[in-house]
Amino acid sequence: MAGAEFHANLLSSEFVSTDFLAKYRILAKRINGDWTHYIVSIPEEQLEAAVEEIKSNLIPLMFYAHVYNEDGSRVIVIFPNKVFELPFDDRIGWENVNSYMEECQIPRSQRDPNPKKFSDEEAYYSDKPPVG
């Protein structure tokens, strides 16, 4: 579908630099302890470049980010050295993602990329206060 939009859930602490975020529309910023969550809108035509920028800006080892479309039929989990693309309801695909997270020694408590579709955002971000 041309003109589709993706959202990214990005944490400031995951990146060498967050300067690349200026290229995209930031829908909201939320505080979670020492981290700032950025909710970023990425047009589909910029998706490939955005995935590469996210990937190249991730701090090596133990960090990942993810991008998702409105209904969760495309969730892209991005690591510094690997990218997975799968629907939110693909149980076997998520087992593969979790296995890779285990190989990367990502703590179990951080292995569930959420939200995975637009309708999950409100509940996910409700306990994280917005930034002015």
# chains A, B, ... in the order shown; residues from 1 in each chain; ligands from 1
>>> residues_around(residues="stretch 87-94 of chain A", least_positions_apart="6", cutoff="7 Å", atoms="only C-alpha atoms", output="PDB file with N, CA and C atoms, in the first residue's frame")
ATOM      1  N   GLY A  72       0.165  -4.178  12.593  1.00  0.00           N
ATOM      2  CA  GLY A  72       1.134  -5.149  13.090  1.00  0.00           C
ATOM      3  C   GLY A  72       1.477  -6.246  12.106  1.00  0.00           C
ATOM      4  N   SER A  73       1.017  -6.122  10.865  1.00  0.00           N
ATOM      5  CA  SER A  73       1.340  -7.152   9.878  1.00  0.00           C
ATOM      6  C   SER A  73       2.811  -7.087   9.453  1.00  0.00           C
ATOM      7  N   ARG A  74       3.460  -5.958   9.744  1.00  0.00           N
ATOM      8  CA  ARG A  74       4.900  -5.815   9.502  1.00  0.00           C
ATOM      9  C   ARG A  74       5.547  -5.212  10.738  1.00  0.00           C
ATOM     10  N   VAL A  75       6.290  -6.036  11.444  1.00  0.00           N
ATOM     11  CA  VAL A  75       7.094  -5.580  12.573  1.00  0.00           C
ATOM     12  C   VAL A  75       8.541  -5.861  12.185  1.00  0.00           C
ATOM     13  N   LYS A 116       3.435  -3.307  19.101  1.00  0.00           N
ATOM     14  CA  LYS A 116       3.637  -3.960  17.809  1.00  0.00           C
ATOM     15  C   LYS A 116       2.611  -3.525  16.766  1.00  0.00           C
TER      16      LYS A 116
END
>>> residues_around(residues="A:Gly33", least_positions_apart="6", cutoff="12 Å", atoms="only C-alpha atoms", output="PyMOL selection string")
chain A and resi 11-13+127-129
>>> write_last_selection(atoms="C-alpha atoms", output="PDB file, in the first residue's frame")
ATOM      1  CA  LEU A  11      14.938   4.762  23.251  1.00  0.00           C
ATOM      2  CA  SER A  12      17.563   7.489  23.586  1.00  0.00           C
ATOM      3  CA  SER A  13      19.890   5.161  25.506  1.00  0.00           C
ATOM      4  CA  ASP A 127       2.568   4.992  32.334  1.00  0.00           C
ATOM      5  CA  LYS A 128       5.367   7.038  30.760  1.00  0.00           C
ATOM      6  CA  PRO A 129       4.936  10.790  31.239  1.00  0.00           C
TER       7      PRO A 129
END
>>> closest_residue(among="A:Ile106, A:Val16, A:Asn57, A:Asp120", to="A:Glu70", atoms="only C-alpha atoms")
A:Asp120
>>> residues_around(residues="A:Phe6", least_positions_apart="5", cutoff="12 Å", atoms="only C-alpha atoms", output="ChimeraX atom specification")
/A:1,24-27,39-48,50-51,66-76,115-118
>>> write_last_selection(atoms="N, CA and C atoms", output="short mmCIF file (atom, residue, chain, number, x, y, z; two decimals), in the first residue's frame")
data_model
loop_
_atom_site.label_atom_id
_atom_site.label_comp_id
_atom_site.auth_asym_id
_atom_site.auth_seq_id
_atom_site.Cartn_x
_atom_site.Cartn_y
_atom_site.Cartn_z
N MET A 1 0.85 -1.18 0.00
CA MET A 1 0.00 0.00 0.00
C MET A 1 0.89 1.24 0.00
N TYR A 24 12.77 12.60 10.76
CA TYR A 24 11.44 11.98 10.84
C TYR A 24 10.55 12.78 11.77
N ARG A 25 9.26 12.59 11.61
CA ARG A 25 8.30 13.28 12.45
C ARG A 25 8.22 12.57 13.80
N ILE A 26 8.56 13.29 14.86
CA ILE A 26 8.47 12.74 16.21
C ILE A 26 7.05 13.00 16.69
N LEU A 27 6.31 11.91 16.90
CA LEU A 27 4.92 12.01 17.33
C LEU A 27 4.81 12.34 18.81
N ILE A 39 8.51 8.28 19.89
CA ILE A 39 7.54 7.64 19.00
C ILE A 39 7.68 8.40 17.69
N VAL A 40 8.19 7.71 16.68
CA VAL A 40 8.57 8.35 15.43
C VAL A 40 7.71 7.81 14.30
N SER A 41 7.27 8.69 13.42
CA SER A 41 6.52 8.30 12.23
C SER A 41 7.49 8.22 11.05
N ILE A 42 7.41 7.10 10.32
CA ILE A 42 8.27 6.90 9.17
C ILE A 42 7.39 6.55 7.97
N PRO A 43 7.39 7.37 6.93
CA PRO A 43 6.64 7.02 5.72
C PRO A 43 7.24 5.77 5.08
N GLU A 44 6.40 4.94 4.49
CA GLU A 44 6.87 3.68 3.90
C GLU A 44 7.99 3.91 2.90
N GLU A 45 7.92 4.99 2.13
CA GLU A 45 8.96 5.23 1.13
C GLU A 45 10.32 5.56 1.75
N GLN A 46 10.35 5.87 3.04
CA GLN A 46 11.61 6.12 3.75
C GLN A 46 12.01 4.96 4.66
N LEU A 47 11.22 3.90 4.65
CA LEU A 47 11.41 2.80 5.60
C LEU A 47 12.77 2.13 5.47
N GLU A 48 13.17 1.78 4.28
CA GLU A 48 14.45 1.08 4.10
C GLU A 48 15.61 1.93 4.62
N ALA A 50 15.42 4.37 6.82
CA ALA A 50 15.27 4.52 8.26
C ALA A 50 15.80 3.30 9.00
N VAL A 51 15.48 2.11 8.49
CA VAL A 51 15.97 0.88 9.12
C VAL A 51 17.50 0.88 9.12
N HIS A 66 12.67 -1.30 17.19
CA HIS A 66 11.69 -1.91 16.28
C HIS A 66 10.78 -0.87 15.68
N VAL A 67 10.27 -1.24 14.50
CA VAL A 67 9.38 -0.41 13.70
C VAL A 67 8.18 -1.30 13.35
N TYR A 68 6.99 -0.70 13.27
CA TYR A 68 5.79 -1.50 13.01
C TYR A 68 4.78 -0.67 12.24
N ASN A 69 3.90 -1.37 11.53
CA ASN A 69 2.85 -0.67 10.79
C ASN A 69 1.55 -0.69 11.60
N GLU A 70 0.53 -0.09 11.03
CA GLU A 70 -0.72 0.15 11.76
C GLU A 70 -1.33 -1.11 12.36
N ASP A 71 -1.42 -2.18 11.58
CA ASP A 71 -2.09 -3.39 12.07
C ASP A 71 -1.14 -4.47 12.58
N GLY A 72 0.16 -4.18 12.59
CA GLY A 72 1.13 -5.15 13.09
C GLY A 72 1.48 -6.25 12.11
N SER A 73 1.02 -6.12 10.86
CA SER A 73 1.34 -7.15 9.88
C SER A 73 2.81 -7.09 9.45
N ARG A 74 3.46 -5.96 9.74
CA ARG A 74 4.90 -5.82 9.50
C ARG A 74 5.55 -5.21 10.74
N VAL A 75 6.29 -6.04 11.44
CA VAL A 75 7.09 -5.58 12.57
C VAL A 75 8.54 -5.86 12.18
N ILE A 76 9.37 -4.85 12.29
CA ILE A 76 10.77 -4.97 11.91
C ILE A 76 11.59 -4.76 13.18
N PRO A 115 5.22 -1.32 21.58
CA PRO A 115 4.02 -1.90 20.96
C PRO A 115 4.35 -2.50 19.60
N LYS A 116 3.44 -3.31 19.10
CA LYS A 116 3.64 -3.96 17.81
C LYS A 116 2.61 -3.52 16.77
N LYS A 117 1.68 -2.66 17.16
CA LYS A 117 0.72 -2.07 16.22
C LYS A 117 0.22 -0.77 16.83
N PHE A 118 -0.31 0.10 16.01
CA PHE A 118 -0.70 1.43 16.47
C PHE A 118 -1.68 1.39 17.63
#
>>> residues_around(residues="A:Cys104", least_positions_apart="2", cutoff="12 Å", atoms="only C-alpha atoms", output="short mmCIF file (atom, residue, chain, number, x, y, z; two decimals) with N, CA and C atoms, in the first residue's frame")
data_model
loop_
_atom_site.label_atom_id
_atom_site.label_comp_id
_atom_site.auth_asym_id
_atom_site.auth_seq_id
_atom_site.Cartn_x
_atom_site.Cartn_y
_atom_site.Cartn_z
N PRO A 60 26.49 -0.98 19.72
CA PRO A 60 26.72 -2.42 19.57
C PRO A 60 26.51 -3.18 20.88
N LEU A 61 25.99 -4.39 20.74
CA LEU A 61 25.77 -5.32 21.84
C LEU A 61 24.59 -4.91 22.72
N MET A 62 23.67 -5.79 22.87
CA MET A 62 22.56 -5.69 23.81
C MET A 62 21.49 -4.65 23.49
N PHE A 63 21.52 -4.03 22.33
CA PHE A 63 20.49 -3.06 22.01
C PHE A 63 19.80 -3.42 20.70
N TYR A 64 18.52 -3.10 20.64
CA TYR A 64 17.74 -3.28 19.43
C TYR A 64 16.64 -2.23 19.42
N PHE A 79 18.63 -5.01 14.92
CA PHE A 79 19.83 -5.16 15.74
C PHE A 79 20.99 -4.56 14.97
N PRO A 80 22.11 -4.26 15.62
CA PRO A 80 23.25 -3.71 14.88
C PRO A 80 23.73 -4.60 13.73
N ASN A 81 23.56 -5.93 13.85
CA ASN A 81 24.08 -6.84 12.83
C ASN A 81 23.03 -7.71 12.17
N LYS A 82 21.76 -7.47 12.46
CA LYS A 82 20.73 -8.34 11.92
C LYS A 82 19.37 -7.63 11.98
N VAL A 97 13.38 -14.52 16.93
CA VAL A 97 13.84 -13.23 17.43
C VAL A 97 14.33 -13.38 18.87
N ASN A 98 13.54 -14.08 19.70
CA ASN A 98 13.93 -14.27 21.11
C ASN A 98 15.21 -15.09 21.25
N SER A 99 15.40 -16.08 20.40
CA SER A 99 16.65 -16.86 20.41
C SER A 99 17.84 -15.96 20.09
N TYR A 100 17.66 -15.09 19.10
CA TYR A 100 18.74 -14.17 18.76
C TYR A 100 19.01 -13.20 19.92
N MET A 101 17.95 -12.73 20.57
CA MET A 101 18.12 -11.85 21.72
C MET A 101 18.90 -12.55 22.83
N GLU A 102 18.61 -13.83 23.01
CA GLU A 102 19.33 -14.60 24.02
C GLU A 102 20.81 -14.70 23.65
N ILE A 106 20.62 -10.19 25.71
CA ILE A 106 19.64 -9.18 26.09
C ILE A 106 18.83 -9.76 27.25
N PRO A 107 18.72 -9.04 28.35
CA PRO A 107 17.97 -9.56 29.51
C PRO A 107 16.55 -9.95 29.12
N ARG A 108 16.08 -11.03 29.70
CA ARG A 108 14.74 -11.55 29.41
C ARG A 108 13.67 -10.46 29.55
N GLN A 110 13.74 -7.52 28.76
CA GLN A 110 13.78 -6.55 27.67
C GLN A 110 13.56 -7.20 26.30
N ARG A 111 13.04 -8.42 26.29
CA ARG A 111 12.93 -9.18 25.04
C ARG A 111 11.56 -9.13 24.39
#
>>> decode(residues="stretch 28-69 of chain A", atoms="N, CA and C atoms", output="tab-separated table (two decimals), in the first residue's frame")
chain	number	residue	atom	x	y	z
A	28	ALA	N	5.74	11.82	19.59
A	28	ALA	CA	5.72	12.07	21.03
A	28	ALA	C	7.06	11.68	21.63
A	29	LYS	N	7.36	12.29	22.76
A	29	LYS	CA	8.52	11.90	23.57
A	29	LYS	C	7.99	11.59	24.95
A	30	ARG	N	8.45	10.50	25.51
A	30	ARG	CA	8.01	10.10	26.84
A	30	ARG	C	9.21	9.71	27.68
A	31	ILE	N	9.14	10.04	28.95
A	31	ILE	CA	10.22	9.73	29.89
A	31	ILE	C	9.93	8.40	30.57
A	32	ASN	N	10.96	7.57	30.66
A	32	ASN	CA	10.88	6.32	31.41
A	32	ASN	C	12.20	6.20	32.18
A	33	GLY	N	12.21	6.72	33.40
A	33	GLY	CA	13.46	6.74	34.17
A	33	GLY	C	14.45	7.68	33.50
A	34	ASP	N	15.64	7.15	33.21
A	34	ASP	CA	16.68	7.95	32.56
A	34	ASP	C	16.57	7.95	31.04
A	35	TRP	N	15.62	7.22	30.50
A	35	TRP	CA	15.48	7.08	29.05
A	35	TRP	C	14.38	7.99	28.54
A	36	THR	N	14.53	8.41	27.31
A	36	THR	CA	13.45	9.07	26.60
A	36	THR	C	13.00	8.13	25.49
A	37	HIS	N	11.71	7.83	25.48
A	37	HIS	CA	11.10	7.05	24.39
A	37	HIS	C	10.70	8.05	23.31
A	38	TYR	N	11.10	7.78	22.10
A	38	TYR	CA	10.65	8.57	20.96
A	38	TYR	C	9.66	7.73	20.18
A	39	ILE	N	8.51	8.28	19.89
A	39	ILE	CA	7.54	7.64	19.00
A	39	ILE	C	7.68	8.40	17.69
A	40	VAL	N	8.19	7.71	16.68
A	40	VAL	CA	8.57	8.35	15.43
A	40	VAL	C	7.71	7.81	14.30
A	41	SER	N	7.27	8.69	13.42
A	41	SER	CA	6.52	8.30	12.23
A	41	SER	C	7.49	8.22	11.05
A	42	ILE	N	7.41	7.10	10.32
A	42	ILE	CA	8.27	6.90	9.17
A	42	ILE	C	7.39	6.55	7.97
A	43	PRO	N	7.39	7.37	6.93
A	43	PRO	CA	6.64	7.02	5.72
A	43	PRO	C	7.24	5.77	5.08
A	44	GLU	N	6.40	4.94	4.49
A	44	GLU	CA	6.87	3.68	3.90
A	44	GLU	C	7.99	3.91	2.90
A	45	GLU	N	7.92	4.99	2.13
A	45	GLU	CA	8.96	5.23	1.13
A	45	GLU	C	10.32	5.56	1.75
A	46	GLN	N	10.35	5.87	3.04
A	46	GLN	CA	11.61	6.12	3.75
A	46	GLN	C	12.01	4.96	4.66
A	47	LEU	N	11.22	3.90	4.65
A	47	LEU	CA	11.41	2.80	5.60
A	47	LEU	C	12.77	2.13	5.47
A	48	GLU	N	13.17	1.78	4.28
A	48	GLU	CA	14.45	1.08	4.10
A	48	GLU	C	15.61	1.93	4.62
A	49	ALA	N	15.62	3.21	4.27
A	49	ALA	CA	16.68	4.11	4.74
A	49	ALA	C	16.62	4.26	6.26
A	50	ALA	N	15.42	4.37	6.82
A	50	ALA	CA	15.27	4.52	8.26
A	50	ALA	C	15.80	3.30	9.00
A	51	VAL	N	15.48	2.11	8.49
A	51	VAL	CA	15.97	0.88	9.12
A	51	VAL	C	17.50	0.88	9.12
A	52	GLU	N	18.10	1.27	8.02
A	52	GLU	CA	19.57	1.32	7.94
A	52	GLU	C	20.15	2.36	8.91
A	53	GLU	N	19.48	3.52	9.03
A	53	GLU	CA	19.97	4.55	9.96
A	53	GLU	C	19.84	4.09	11.41
A	54	ILE	N	18.73	3.47	11.72
A	54	ILE	CA	18.54	2.94	13.07
A	54	ILE	C	19.62	1.90	13.36
A	55	LYS	N	19.79	0.97	12.43
A	55	LYS	CA	20.77	-0.11	12.58
A	55	LYS	C	22.18	0.46	12.79
A	56	SER	N	22.56	1.44	11.99
A	56	SER	CA	23.93	1.96	12.07
A	56	SER	C	24.15	2.87	13.28
A	57	ASN	N	23.08	3.36	13.90
A	57	ASN	CA	23.22	4.21	15.08
A	57	ASN	C	23.05	3.46	16.40
A	58	LEU	N	22.62	2.20	16.34
A	58	LEU	CA	22.47	1.42	17.57
A	58	LEU	C	23.84	1.19	18.21
A	59	ILE	N	23.87	1.30	19.52
A	59	ILE	CA	25.10	0.97	20.25
A	59	ILE	C	25.30	-0.54	20.13
A	60	PRO	N	26.49	-0.98	19.72
A	60	PRO	CA	26.72	-2.42	19.57
A	60	PRO	C	26.51	-3.18	20.88
A	61	LEU	N	25.99	-4.39	20.74
A	61	LEU	CA	25.77	-5.32	21.84
A	61	LEU	C	24.59	-4.91	22.72
A	62	MET	N	23.67	-5.79	22.87
A	62	MET	CA	22.56	-5.69	23.81
A	62	MET	C	21.49	-4.65	23.49
A	63	PHE	N	21.52	-4.03	22.33
A	63	PHE	CA	20.49	-3.06	22.01
A	63	PHE	C	19.80	-3.42	20.70
A	64	TYR	N	18.52	-3.10	20.64
A	64	TYR	CA	17.74	-3.28	19.43
A	64	TYR	C	16.64	-2.23	19.42
A	65	ALA	N	16.02	-2.07	18.28
A	65	ALA	CA	14.88	-1.16	18.14
A	65	ALA	C	13.87	-1.86	17.25
A	66	HIS	N	12.67	-1.30	17.19
A	66	HIS	CA	11.69	-1.91	16.28
A	66	HIS	C	10.78	-0.87	15.68
A	67	VAL	N	10.27	-1.24	14.50
A	67	VAL	CA	9.38	-0.41	13.70
A	67	VAL	C	8.18	-1.30	13.35
A	68	TYR	N	6.99	-0.70	13.27
A	68	TYR	CA	5.79	-1.50	13.01
A	68	TYR	C	4.78	-0.67	12.24
A	69	ASN	N	3.90	-1.37	11.53
A	69	ASN	CA	2.85	-0.67	10.79
A	69	ASN	C	1.55	-0.69	11.60
